[in-house]
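*Asks:* Here you go, one structure.
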Amino acid sequence: MSAVRRVVSLVPSLTEAVAVSAPGRLVGVTDWCTHPEDLGDAVRIGGTKNPDVPAVIGLRPDLVIANEEENRAADLAALEAAGVRVLVTGIRTLPQAFAELDRVLAGALGLARPGWLDDAEAAWARVEPLPAVRAVVPVWRRPWMVLGRDTFAGDVLARLGVGNVYAGHAERYPRIRPQDPAVADCDLVVLPDEPYRFTAGDGPEAFPGLPAALVSGRHLTWYGPSLVRAPAVLAQALRAARPYRSRD
């Protein structure tokens, strides 16, 4: 197999992972790829859900990196039909994130395992969970959508002592009402700043009586170099939401 020198990333967190580990290989990224700030001459090819497929093909990539959740199967199929090699990642737990990052960086790109990946695994291995709490974790508003079953962010929070009250839901991102009985039984509402940008003035007021933890969406949902600092950043935000009703 020929060397991978021209990469298009359709996933913001994987864009950061490639940019930090193999500067210069990215030739195309999405409009949502914000880290690192300097992505060189990489061309913007649209959103994660609506990439400009002909533009991607025109960049003549050796590899397109995608994700089963963030990208549409139809777009990936169109790229493959045009002869473009597509690597689709599947990441729903922290161990899967580490494994897939290794598959992308070492396996597909032929890089030496980056030091930040070792640092991230070490940081999470040292995590000591906070006192156990039950939480609702909105990711969108109008309509309200929350983390449900089998999500990467839910697994990250669980490792920090936060139990997702909707983890057993049949859907991965169910629609709810803030007045639902399950919410009333929570100790905490966790509000990330992406994909919806929750703030102190937009979100907490819908859950009166529940302490609100305003957390970095990048550290909660991205799988890449941000994982190194994620345990400390998220734990600090969760502690700031106290007092709450501990389950210990």
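Ordered as shown in the structure tokens, chains take letters A, B, and onward, while each chain numbers its residues from 1 and ligands are numbered from 1 in the order shown.
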DSSP on the backbone, then: every residue of segment 49-167 of chain A marked strand (DSSP E or B), written as a tab-separated table (two decimals) with all heavy atoms, in the first residue's frame.

*Replies:*
```tsv
chain	number	residue	atom	x	y	z
A	51	PRO	N	-20.50	17.53	3.57
A	51	PRO	CA	-19.24	17.86	2.88
A	51	PRO	C	-19.45	18.00	1.38
A	51	PRO	O	-20.35	17.40	0.80
A	51	PRO	CB	-18.35	16.66	3.22
A	51	PRO	CG	-19.31	15.53	3.39
A	51	PRO	CD	-20.51	16.14	4.06
A	63	LEU	N	-6.22	9.35	1.61
A	63	LEU	CA	-7.09	8.80	2.65
A	63	LEU	C	-8.06	9.87	3.13
A	63	LEU	O	-7.67	11.03	3.33
A	63	LEU	CB	-6.25	8.32	3.84
A	63	LEU	CG	-7.02	7.70	5.01
A	63	LEU	CD1	-7.63	6.36	4.61
A	63	LEU	CD2	-6.10	7.52	6.22
A	64	VAL	N	-9.30	9.48	3.31
A	64	VAL	CA	-10.31	10.31	3.98
A	64	VAL	C	-10.64	9.65	5.31
A	64	VAL	O	-10.96	8.45	5.35
A	64	VAL	CB	-11.58	10.46	3.13
A	64	VAL	CG1	-12.68	11.15	3.94
A	64	VAL	CG2	-11.29	11.26	1.87
A	65	ILE	N	-10.56	10.41	6.38
A	65	ILE	CA	-10.85	9.89	7.72
A	65	ILE	C	-12.24	10.35	8.12
A	65	ILE	O	-12.57	11.54	8.05
A	65	ILE	CB	-9.82	10.39	8.75
A	65	ILE	CG1	-8.41	10.02	8.31
A	65	ILE	CG2	-10.11	9.80	10.12
A	65	ILE	CD1	-7.33	10.67	9.15
A	66	ALA	N	-13.07	9.40	8.56
A	66	ALA	CA	-14.45	9.70	8.89
A	66	ALA	C	-14.85	8.98	10.17
A	66	ALA	O	-14.06	8.25	10.77
A	66	ALA	CB	-15.37	9.28	7.73
A	67	ASN	N	-16.09	9.19	10.57
A	67	ASN	CA	-16.62	8.55	11.77
A	67	ASN	C	-18.05	8.13	11.51
A	67	ASN	O	-18.82	8.87	10.89
A	67	ASN	CB	-16.55	9.51	12.97
A	67	ASN	CG	-17.16	8.92	14.22
A	67	ASN	OD1	-18.32	9.17	14.52
A	67	ASN	ND2	-16.40	8.12	14.95
A	86	VAL	N	-11.42	5.39	2.16
A	86	VAL	CA	-12.07	5.99	3.33
A	86	VAL	C	-11.87	5.09	4.54
A	86	VAL	O	-12.11	3.88	4.47
A	86	VAL	CB	-13.59	6.19	3.09
A	86	VAL	CG1	-14.25	6.79	4.33
A	86	VAL	CG2	-13.83	7.09	1.88
A	87	LEU	N	-11.40	5.67	5.62
A	87	LEU	CA	-11.27	4.95	6.88
A	87	LEU	C	-12.34	5.47	7.82
A	87	LEU	O	-12.35	6.66	8.16
A	87	LEU	CB	-9.87	5.17	7.48
A	87	LEU	CG	-9.50	4.34	8.72
A	87	LEU	CD1	-7.99	4.26	8.87
A	87	LEU	CD2	-10.11	4.90	10.00
A	88	VAL	N	-13.27	4.59	8.22
A	88	VAL	CA	-14.38	4.98	9.08
A	88	VAL	C	-14.12	4.49	10.50
A	88	VAL	O	-13.95	3.29	10.73
A	88	VAL	CB	-15.72	4.41	8.58
A	88	VAL	CG1	-16.87	4.90	9.46
A	88	VAL	CG2	-15.96	4.82	7.13
A	89	THR	N	-14.07	5.41	11.43
A	89	THR	CA	-13.85	5.05	12.83
A	89	THR	C	-15.18	4.85	13.55
A	89	THR	O	-16.20	5.41	13.17
A	89	THR	CB	-13.06	6.16	13.56
A	89	THR	OG1	-13.78	7.40	13.46
A	89	THR	CG2	-11.68	6.32	12.96
A	133	VAL	N	-22.86	10.64	41.31
A	133	VAL	CA	-24.07	11.43	41.12
A	133	VAL	C	-24.80	10.93	39.88
A	133	VAL	O	-24.23	10.28	39.01
A	133	VAL	CB	-23.76	12.93	40.95
A	133	VAL	CG1	-23.21	13.53	42.24
A	133	VAL	CG2	-22.81	13.17	39.79
A	134	ARG	N	-26.09	11.25	39.84
A	134	ARG	CA	-26.91	10.96	38.65
A	134	ARG	C	-27.16	12.28	37.94
A	134	ARG	O	-27.49	13.29	38.56
A	134	ARG	CB	-28.24	10.33	39.07
A	134	ARG	CG	-28.10	8.88	39.54
A	134	ARG	CD	-29.33	8.44	40.32
A	134	ARG	NE	-30.57	8.61	39.58
A	134	ARG	CZ	-31.05	7.74	38.69
A	134	ARG	NH1	-30.35	6.64	38.41
A	134	ARG	NH2	-32.20	7.95	38.09
A	135	ALA	N	-26.99	12.26	36.63
A	135	ALA	CA	-27.07	13.51	35.88
A	135	ALA	C	-27.85	13.35	34.59
A	135	ALA	O	-27.95	12.26	34.02
A	135	ALA	CB	-25.67	14.03	35.56
A	136	VAL	N	-28.40	14.46	34.13
A	136	VAL	CA	-28.94	14.57	32.78
A	136	VAL	C	-27.96	15.42	31.99
A	136	VAL	O	-27.41	16.39	32.50
A	136	VAL	CB	-30.36	15.19	32.78
A	136	VAL	CG1	-30.38	16.56	33.46
A	136	VAL	CG2	-30.91	15.28	31.37
A	138	PRO	N	-27.81	17.34	28.55
A	138	PRO	CA	-28.33	17.85	27.28
A	138	PRO	C	-27.21	18.13	26.28
A	138	PRO	O	-26.11	18.54	26.65
A	138	PRO	CB	-29.03	19.16	27.69
A	138	PRO	CG	-29.30	19.02	29.15
A	138	PRO	CD	-28.13	18.23	29.67
A	139	VAL	N	-27.51	17.89	25.01
A	139	VAL	CA	-26.57	18.23	23.94
A	139	VAL	C	-27.21	19.17	22.93
A	139	VAL	O	-26.52	19.67	22.03
A	139	VAL	CB	-26.04	16.97	23.23
A	139	VAL	CG1	-25.16	16.16	24.17
A	139	VAL	CG2	-27.18	16.12	22.68
A	140	TRP	N	-28.52	19.40	23.06
A	140	TRP	CA	-29.22	20.29	22.14
A	140	TRP	C	-30.44	20.87	22.82
A	140	TRP	O	-30.95	20.31	23.80
A	140	TRP	CB	-29.62	19.57	20.85
A	140	TRP	CG	-29.86	20.52	19.71
A	140	TRP	CD1	-31.05	20.91	19.20
A	140	TRP	CD2	-28.85	21.21	18.96
A	140	TRP	NE1	-30.85	21.82	18.18
A	140	TRP	CE2	-29.50	22.01	18.02
A	140	TRP	CE3	-27.45	21.22	19.02
A	140	TRP	CZ2	-28.82	22.82	17.11
A	140	TRP	CZ3	-26.77	22.03	18.14
A	140	TRP	CH2	-27.45	22.82	17.18
A	145	MET	N	-32.46	17.59	23.54
A	145	MET	CA	-31.92	16.26	23.28
A	145	MET	C	-30.80	16.03	24.29
A	145	MET	O	-30.06	16.95	24.64
A	145	MET	CB	-31.39	16.15	21.86
A	145	MET	CG	-32.44	16.34	20.80
A	145	MET	SD	-31.78	16.29	19.11
A	145	MET	CE	-31.32	14.56	19.00
A	146	VAL	N	-30.69	14.79	24.76
A	146	VAL	CA	-29.72	14.46	25.80
A	146	VAL	C	-28.92	13.22	25.41
A	146	VAL	O	-29.29	12.49	24.49
A	146	VAL	CB	-30.42	14.20	27.16
A	146	VAL	CG1	-31.19	15.43	27.61
A	146	VAL	CG2	-31.35	12.98	27.07
A	162	VAL	N	-19.98	10.24	37.16
A	162	VAL	CA	-21.27	10.81	36.77
A	162	VAL	C	-22.08	9.75	36.02
A	162	VAL	O	-21.70	9.35	34.91
A	162	VAL	CB	-21.09	12.06	35.89
A	162	VAL	CG1	-22.45	12.61	35.48
A	162	VAL	CG2	-20.29	13.11	36.65
A	163	GLY	N	-23.18	9.34	36.61
A	163	GLY	CA	-24.06	8.38	35.97
A	163	GLY	C	-25.12	9.08	35.14
A	163	GLY	O	-25.83	9.96	35.65
A	164	ASN	N	-25.23	8.71	33.88
A	164	ASN	CA	-26.22	9.31	32.99
A	164	ASN	C	-27.58	8.68	33.23
A	164	ASN	O	-27.77	7.47	33.04
A	164	ASN	CB	-25.78	9.09	31.54
A	164	ASN	CG	-26.80	9.58	30.53
A	164	ASN	OD1	-27.74	10.30	30.87
A	164	ASN	ND2	-26.63	9.18	29.29
```

*Asks:* Please provide as a JSON list (two decimals) with all heavy atoms, in the first residue's frame all residues within 6 Å of Leu160 of chain A, with the sequence filter that same-chain residues fewer than 3 positions apart are discarded (counting only C-alpha atoms).

*Replies:*
```json
[["chain", "number", "residue", "atom", "x", "y", "z"],
["A", 129, "PRO", "N", -12.63, 8.68, 40.46],
["A", 129, "PRO", "CA", -13.97, 9.23, 40.28],
["A", 129, "PRO", "C", -14.39, 10.12, 41.44],
["A", 129, "PRO", "O", -14.02, 9.90, 42.60],
["A", 129, "PRO", "CB", -14.85, 7.98, 40.20],
["A", 129, "PRO", "CG", -13.93, 6.87, 39.81],
["A", 129, "PRO", "CD", -12.61, 7.20, 40.45],
["A", 130, "LEU", "N", -15.18, 11.14, 41.12],
["A", 130, "LEU", "CA", -15.78, 11.98, 42.13],
["A", 130, "LEU", "C", -16.89, 11.21, 42.82],
["A", 130, "LEU", "O", -17.31, 10.14, 42.34],
["A", 130, "LEU", "CB", -16.34, 13.24, 41.47],
["A", 130, "LEU", "CG", -15.33, 14.13, 40.73],
["A", 130, "LEU", "CD1", -16.06, 15.21, 39.96],
["A", 130, "LEU", "CD2", -14.35, 14.73, 41.71],
["A", 157, "LEU", "N", -17.97, 10.53, 31.16],
["A", 157, "LEU", "CA", -18.55, 11.00, 32.41],
["A", 157, "LEU", "C", -18.63, 9.89, 33.45],
["A", 157, "LEU", "O", -18.40, 10.13, 34.64],
["A", 157, "LEU", "CB", -19.93, 11.59, 32.15],
["A", 157, "LEU", "CG", -19.95, 12.95, 31.44],
["A", 157, "LEU", "CD1", -21.37, 13.33, 31.05],
["A", 157, "LEU", "CD2", -19.32, 14.03, 32.32]]
```

*Asks:* Applying 12 Å and only C-alpha atoms, which residues near Pro114 of chain A remain after dropping the ones on its own chain fewer than 3 positions away? List them as a list in words.

*Replies:* Ala17, Val18, Ala19, Val20, Ser21, Ala22, Phe98, Leu101, Asp102, Val104, Leu105, Ala106, Leu109, Gly110, Leu111, Leu117, Asp118, Asp119, Ala120, Glu121, Gly224 and Pro225 of chain A

*Asks:* Store the residues of this selection in a file with C-alpha atoms, as a PDB file, in the first residue's frame.

*Replies:*
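The result, written out as part-v6.pdb:
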```pdb
ATOM      1  CA  ALA A  17      -4.980  14.399  16.112  1.00  0.00           C
ATOM      2  CA  VAL A  18      -3.512  14.286  12.604  1.00  0.00           C
ATOM      3  CA  ALA A  19      -2.418  17.936  12.565  1.00  0.00           C
ATOM      4  CA  VAL A  20      -0.539  17.583  15.850  1.00  0.00           C
ATOM      5  CA  SER A  21       0.999  14.216  14.963  1.00  0.00           C
ATOM      6  CA  ALA A  22       1.750  14.655  11.249  1.00  0.00           C
ATOM      7  CA  PHE A  98      -7.494   5.009  22.133  1.00  0.00           C
ATOM      8  CA  LEU A 101      -6.523   6.752  17.303  1.00  0.00           C
ATOM      9  CA  ASP A 102      -3.760   4.165  17.171  1.00  0.00           C
ATOM     10  CA  VAL A 104      -5.516   5.959  12.306  1.00  0.00           C
ATOM     11  CA  LEU A 105      -2.138   7.371  13.283  1.00  0.00           C
ATOM     12  CA  ALA A 106       0.080   4.297  13.480  1.00  0.00           C
ATOM     13  CA  LEU A 109      -0.620   6.936   8.458  1.00  0.00           C
ATOM     14  CA  GLY A 110       2.387   4.829   9.439  1.00  0.00           C
ATOM     15  CA  LEU A 111       3.457   7.158  12.256  1.00  0.00           C
ATOM     16  CA  LEU A 117      -1.544   9.425  23.066  1.00  0.00           C
ATOM     17  CA  ASP A 118       0.543   7.723  25.760  1.00  0.00           C
ATOM     18  CA  ASP A 119       0.027  10.772  27.978  1.00  0.00           C
ATOM     19  CA  ALA A 120      -3.740  10.624  27.471  1.00  0.00           C
ATOM     20  CA  GLU A 121      -3.944   6.948  28.389  1.00  0.00           C
ATOM     21  CA  GLY A 224      -7.601  13.417  20.284  1.00  0.00           C
ATOM     22  CA  PRO A 225      -4.932  15.482  22.063  1.00  0.00           C
TER      23      PRO A 225
END
```

*Asks:* Excluding Arg141 of chain A and its own-chain neighbours fewer than 5 positions away, which residues fall within 9 Å of it when counting only C-alpha atoms? Please give them as a ChimeraX atom specification.

*Replies:* /A:196,198,203

*Asks:* Quick one: pick out all helix (DSSP H, G or I) residues within segment 86-224 of chain A from a backbone DSSP run and write them as a PyMOL selection string.

*Replies:* chain A and resi 94-108+115-125+152-159+181-184+204-206+217-221

*Asks:* The selected residues should be written to file as a compact mmCIF listing (two decimals), in the first residue's frame (atoms: N, CA and C atoms).

*Replies:*
```
# COMPACT_ATOMS: atom_id res chain seq x y z
N LEU A 94 -14.10 5.19 25.80
CA LEU A 94 -12.73 5.70 25.88
C LEU A 94 -11.72 4.67 25.35
N PRO A 95 -11.80 3.39 25.73
CA PRO A 95 -10.86 2.42 25.16
C PRO A 95 -10.95 2.34 23.63
N GLN A 96 -12.16 2.46 23.09
CA GLN A 96 -12.29 2.46 21.63
C GLN A 96 -11.60 3.68 21.03
N ALA A 97 -11.69 4.82 21.71
CA ALA A 97 -11.03 6.03 21.22
C ALA A 97 -9.52 5.81 21.12
N PHE A 98 -8.93 5.25 22.16
CA PHE A 98 -7.49 5.01 22.13
C PHE A 98 -7.12 4.03 21.02
N ALA A 99 -7.93 2.98 20.87
CA ALA A 99 -7.64 1.98 19.84
C ALA A 99 -7.78 2.56 18.44
N GLU A 100 -8.81 3.36 18.21
CA GLU A 100 -9.03 3.93 16.89
C GLU A 100 -7.99 5.00 16.55
N LEU A 101 -7.59 5.77 17.54
CA LEU A 101 -6.52 6.75 17.30
C LEU A 101 -5.23 6.05 16.90
N ASP A 102 -4.94 4.94 17.54
CA ASP A 102 -3.76 4.16 17.17
C ASP A 102 -3.91 3.60 15.76
N ARG A 103 -5.11 3.15 15.42
CA ARG A 103 -5.35 2.60 14.08
C ARG A 103 -5.17 3.67 13.00
N VAL A 104 -5.64 4.88 13.28
CA VAL A 104 -5.52 5.96 12.31
C VAL A 104 -4.07 6.42 12.17
N LEU A 105 -3.45 6.74 13.31
CA LEU A 105 -2.14 7.37 13.28
C LEU A 105 -1.01 6.38 12.98
N ALA A 106 -0.99 5.28 13.70
CA ALA A 106 0.08 4.30 13.48
C ALA A 106 -0.24 3.37 12.32
N GLY A 107 -1.49 2.87 12.30
CA GLY A 107 -1.86 1.90 11.27
C GLY A 107 -1.99 2.50 9.88
N ALA A 108 -2.85 3.52 9.73
CA ALA A 108 -3.13 4.07 8.41
C ALA A 108 -2.07 5.06 7.94
N GLY A 115 3.51 10.73 21.45
CA GLY A 115 3.63 10.81 22.89
C GLY A 115 2.37 11.28 23.57
N TRP A 116 1.59 12.17 22.91
CA TRP A 116 0.37 12.67 23.55
C TRP A 116 -0.64 11.54 23.76
N LEU A 117 -0.61 10.53 22.90
CA LEU A 117 -1.54 9.42 23.07
C LEU A 117 -1.18 8.60 24.31
N ASP A 118 0.11 8.39 24.52
CA ASP A 118 0.54 7.72 25.76
C ASP A 118 0.18 8.57 26.98
N ASP A 119 0.36 9.88 26.87
CA ASP A 119 0.03 10.77 27.98
C ASP A 119 -1.47 10.74 28.30
N ALA A 120 -2.29 10.66 27.26
CA ALA A 120 -3.74 10.62 27.47
C ALA A 120 -4.16 9.34 28.18
N GLU A 121 -3.61 8.21 27.73
CA GLU A 121 -3.94 6.95 28.39
C GLU A 121 -3.50 6.96 29.85
N ALA A 122 -2.34 7.53 30.10
CA ALA A 122 -1.84 7.60 31.48
C ALA A 122 -2.71 8.51 32.33
N ALA A 123 -3.15 9.62 31.77
CA ALA A 123 -3.99 10.55 32.52
C ALA A 123 -5.31 9.90 32.92
N TRP A 124 -5.91 9.14 32.03
CA TRP A 124 -7.17 8.49 32.35
C TRP A 124 -6.98 7.29 33.26
N ALA A 125 -5.83 6.66 33.20
CA ALA A 125 -5.56 5.53 34.11
C ALA A 125 -5.45 6.01 35.55
N PHE A 152 -19.83 8.03 23.60
CA PHE A 152 -18.48 8.29 24.07
C PHE A 152 -18.50 9.25 25.26
N ALA A 153 -19.27 10.33 25.15
CA ALA A 153 -19.33 11.30 26.25
C ALA A 153 -19.90 10.68 27.51
N GLY A 154 -20.88 9.80 27.36
CA GLY A 154 -21.43 9.13 28.52
C GLY A 154 -20.41 8.25 29.21
N ASP A 155 -19.57 7.58 28.42
CA ASP A 155 -18.53 6.74 29.01
C ASP A 155 -17.49 7.59 29.72
N VAL A 156 -17.13 8.72 29.13
CA VAL A 156 -16.18 9.65 29.77
C VAL A 156 -16.71 10.11 31.12
N LEU A 157 -17.97 10.53 31.16
CA LEU A 157 -18.55 11.00 32.41
C LEU A 157 -18.63 9.89 33.45
N ALA A 158 -18.96 8.69 33.02
CA ALA A 158 -19.06 7.57 33.96
C ALA A 158 -17.74 7.32 34.66
N ARG A 159 -16.64 7.50 33.94
CA ARG A 159 -15.32 7.29 34.54
C ARG A 159 -14.96 8.38 35.56
N PRO A 181 -39.95 12.94 34.74
CA PRO A 181 -39.64 12.37 36.06
C PRO A 181 -38.18 11.97 36.22
N ALA A 182 -37.56 11.45 35.17
CA ALA A 182 -36.16 11.03 35.28
C ALA A 182 -35.26 12.21 35.63
N VAL A 183 -35.58 13.38 35.11
CA VAL A 183 -34.79 14.58 35.40
C VAL A 183 -34.95 14.98 36.85
N ALA A 184 -36.17 14.85 37.36
CA ALA A 184 -36.43 15.23 38.75
C ALA A 184 -35.63 14.39 39.73
N PRO A 204 -29.19 26.42 32.24
CA PRO A 204 -29.45 26.08 33.64
C PRO A 204 -30.86 26.46 34.10
N GLU A 205 -31.40 27.54 33.56
CA GLU A 205 -32.73 28.00 34.01
C GLU A 205 -33.83 27.01 33.69
N ALA A 206 -33.59 26.11 32.75
CA ALA A 206 -34.60 25.11 32.39
C ALA A 206 -34.64 23.95 33.37
N GLY A 217 -17.17 21.24 25.84
CA GLY A 217 -17.61 20.19 24.93
C GLY A 217 -16.45 19.50 24.24
N ARG A 218 -15.40 20.25 23.97
CA ARG A 218 -14.22 19.65 23.33
C ARG A 218 -13.60 18.60 24.23
N HIS A 219 -13.52 18.86 25.52
CA HIS A 219 -12.92 17.88 26.42
C HIS A 219 -13.87 16.74 26.76
N LEU A 220 -15.16 16.95 26.54
CA LEU A 220 -16.13 15.89 26.80
C LEU A 220 -16.34 14.98 25.59
N THR A 221 -16.30 15.53 24.39
CA THR A 221 -16.73 14.77 23.22
C THR A 221 -15.64 14.51 22.19
```

*Asks:* Which residue is closest to Arg175 of chain A? Choose from A:Pro208, A:Leu191, A:Val137, A:Val29 and count only C-alpha atoms.

*Replies:*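 When distances to Arg175 of chain A are compared using only C-alpha atoms, the smallest one comes from A:Val137.
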
*Asks:* Quick one: residues within 7 Å of Tyr166 of chain A, only C-alpha atoms counted, chain neighbours fewer than 4 positions away excluded, as an MDAnalysis selection string?

*Replies:* chainID A and resid 147:149

*Asks:* Need the shell around Thr30 of chain A: protein/DNA/RNA residues with any atom at most 6 Å away, counting only C-alpha atoms. Skip same-chain ones fewer than 2 positions apart. Format as a list in words?

*Replies:*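 Contacts, in chain order: Leu10, Trp32, Cys33, Arg44, Ile45, Gly46 and Gly47 of chain A.
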
*Asks:* Could you please take those selected residues and save N, CA and C atoms as a PDB file, in the first residue's frame?

*Replies:*
```pdb
ATOM      1  N   LEU A  10     -12.813  14.436   8.001  1.00  0.00           N
ATOM      2  CA  LEU A  10     -14.200  14.878   8.130  1.00  0.00           C
ATOM      3  C   LEU A  10     -14.648  14.913   9.584  1.00  0.00           C
ATOM      4  N   TRP A  32     -15.937  22.828  10.709  1.00  0.00           N
ATOM      5  CA  TRP A  32     -15.994  22.717  12.166  1.00  0.00           C
ATOM      6  C   TRP A  32     -14.648  22.352  12.769  1.00  0.00           C
ATOM      7  N   CYS A  33     -13.639  22.187  11.964  1.00  0.00           N
ATOM      8  CA  CYS A  33     -12.310  21.832  12.470  1.00  0.00           C
ATOM      9  C   CYS A  33     -11.620  23.096  12.973  1.00  0.00           C
ATOM     10  N   ARG A  44     -11.093  24.054   3.255  1.00  0.00           N
ATOM     11  CA  ARG A  44     -12.362  23.794   3.937  1.00  0.00           C
ATOM     12  C   ARG A  44     -13.339  23.188   2.935  1.00  0.00           C
ATOM     13  N   ILE A  45     -13.902  22.031   3.305  1.00  0.00           N
ATOM     14  CA  ILE A  45     -14.729  21.307   2.333  1.00  0.00           C
ATOM     15  C   ILE A  45     -16.171  21.138   2.815  1.00  0.00           C
ATOM     16  N   GLY A  46     -16.647  22.047   3.706  1.00  0.00           N
ATOM     17  CA  GLY A  46     -18.027  21.972   4.167  1.00  0.00           C
ATOM     18  C   GLY A  46     -18.133  21.371   5.545  1.00  0.00           C
ATOM     19  N   GLY A  47     -19.359  21.007   5.919  1.00  0.00           N
ATOM     20  CA  GLY A  47     -19.597  20.489   7.256  1.00  0.00           C
ATOM     21  C   GLY A  47     -19.397  18.992   7.358  1.00  0.00           C
TER      22      GLY A  47
END
```

*Asks:* Measuring atom to atom with only C-alpha atoms, identify which of A:Ala112, A:Val127, A:Val165, A:Val43 is nearest to Gly58 of chain A.

*Replies:* A:Val43
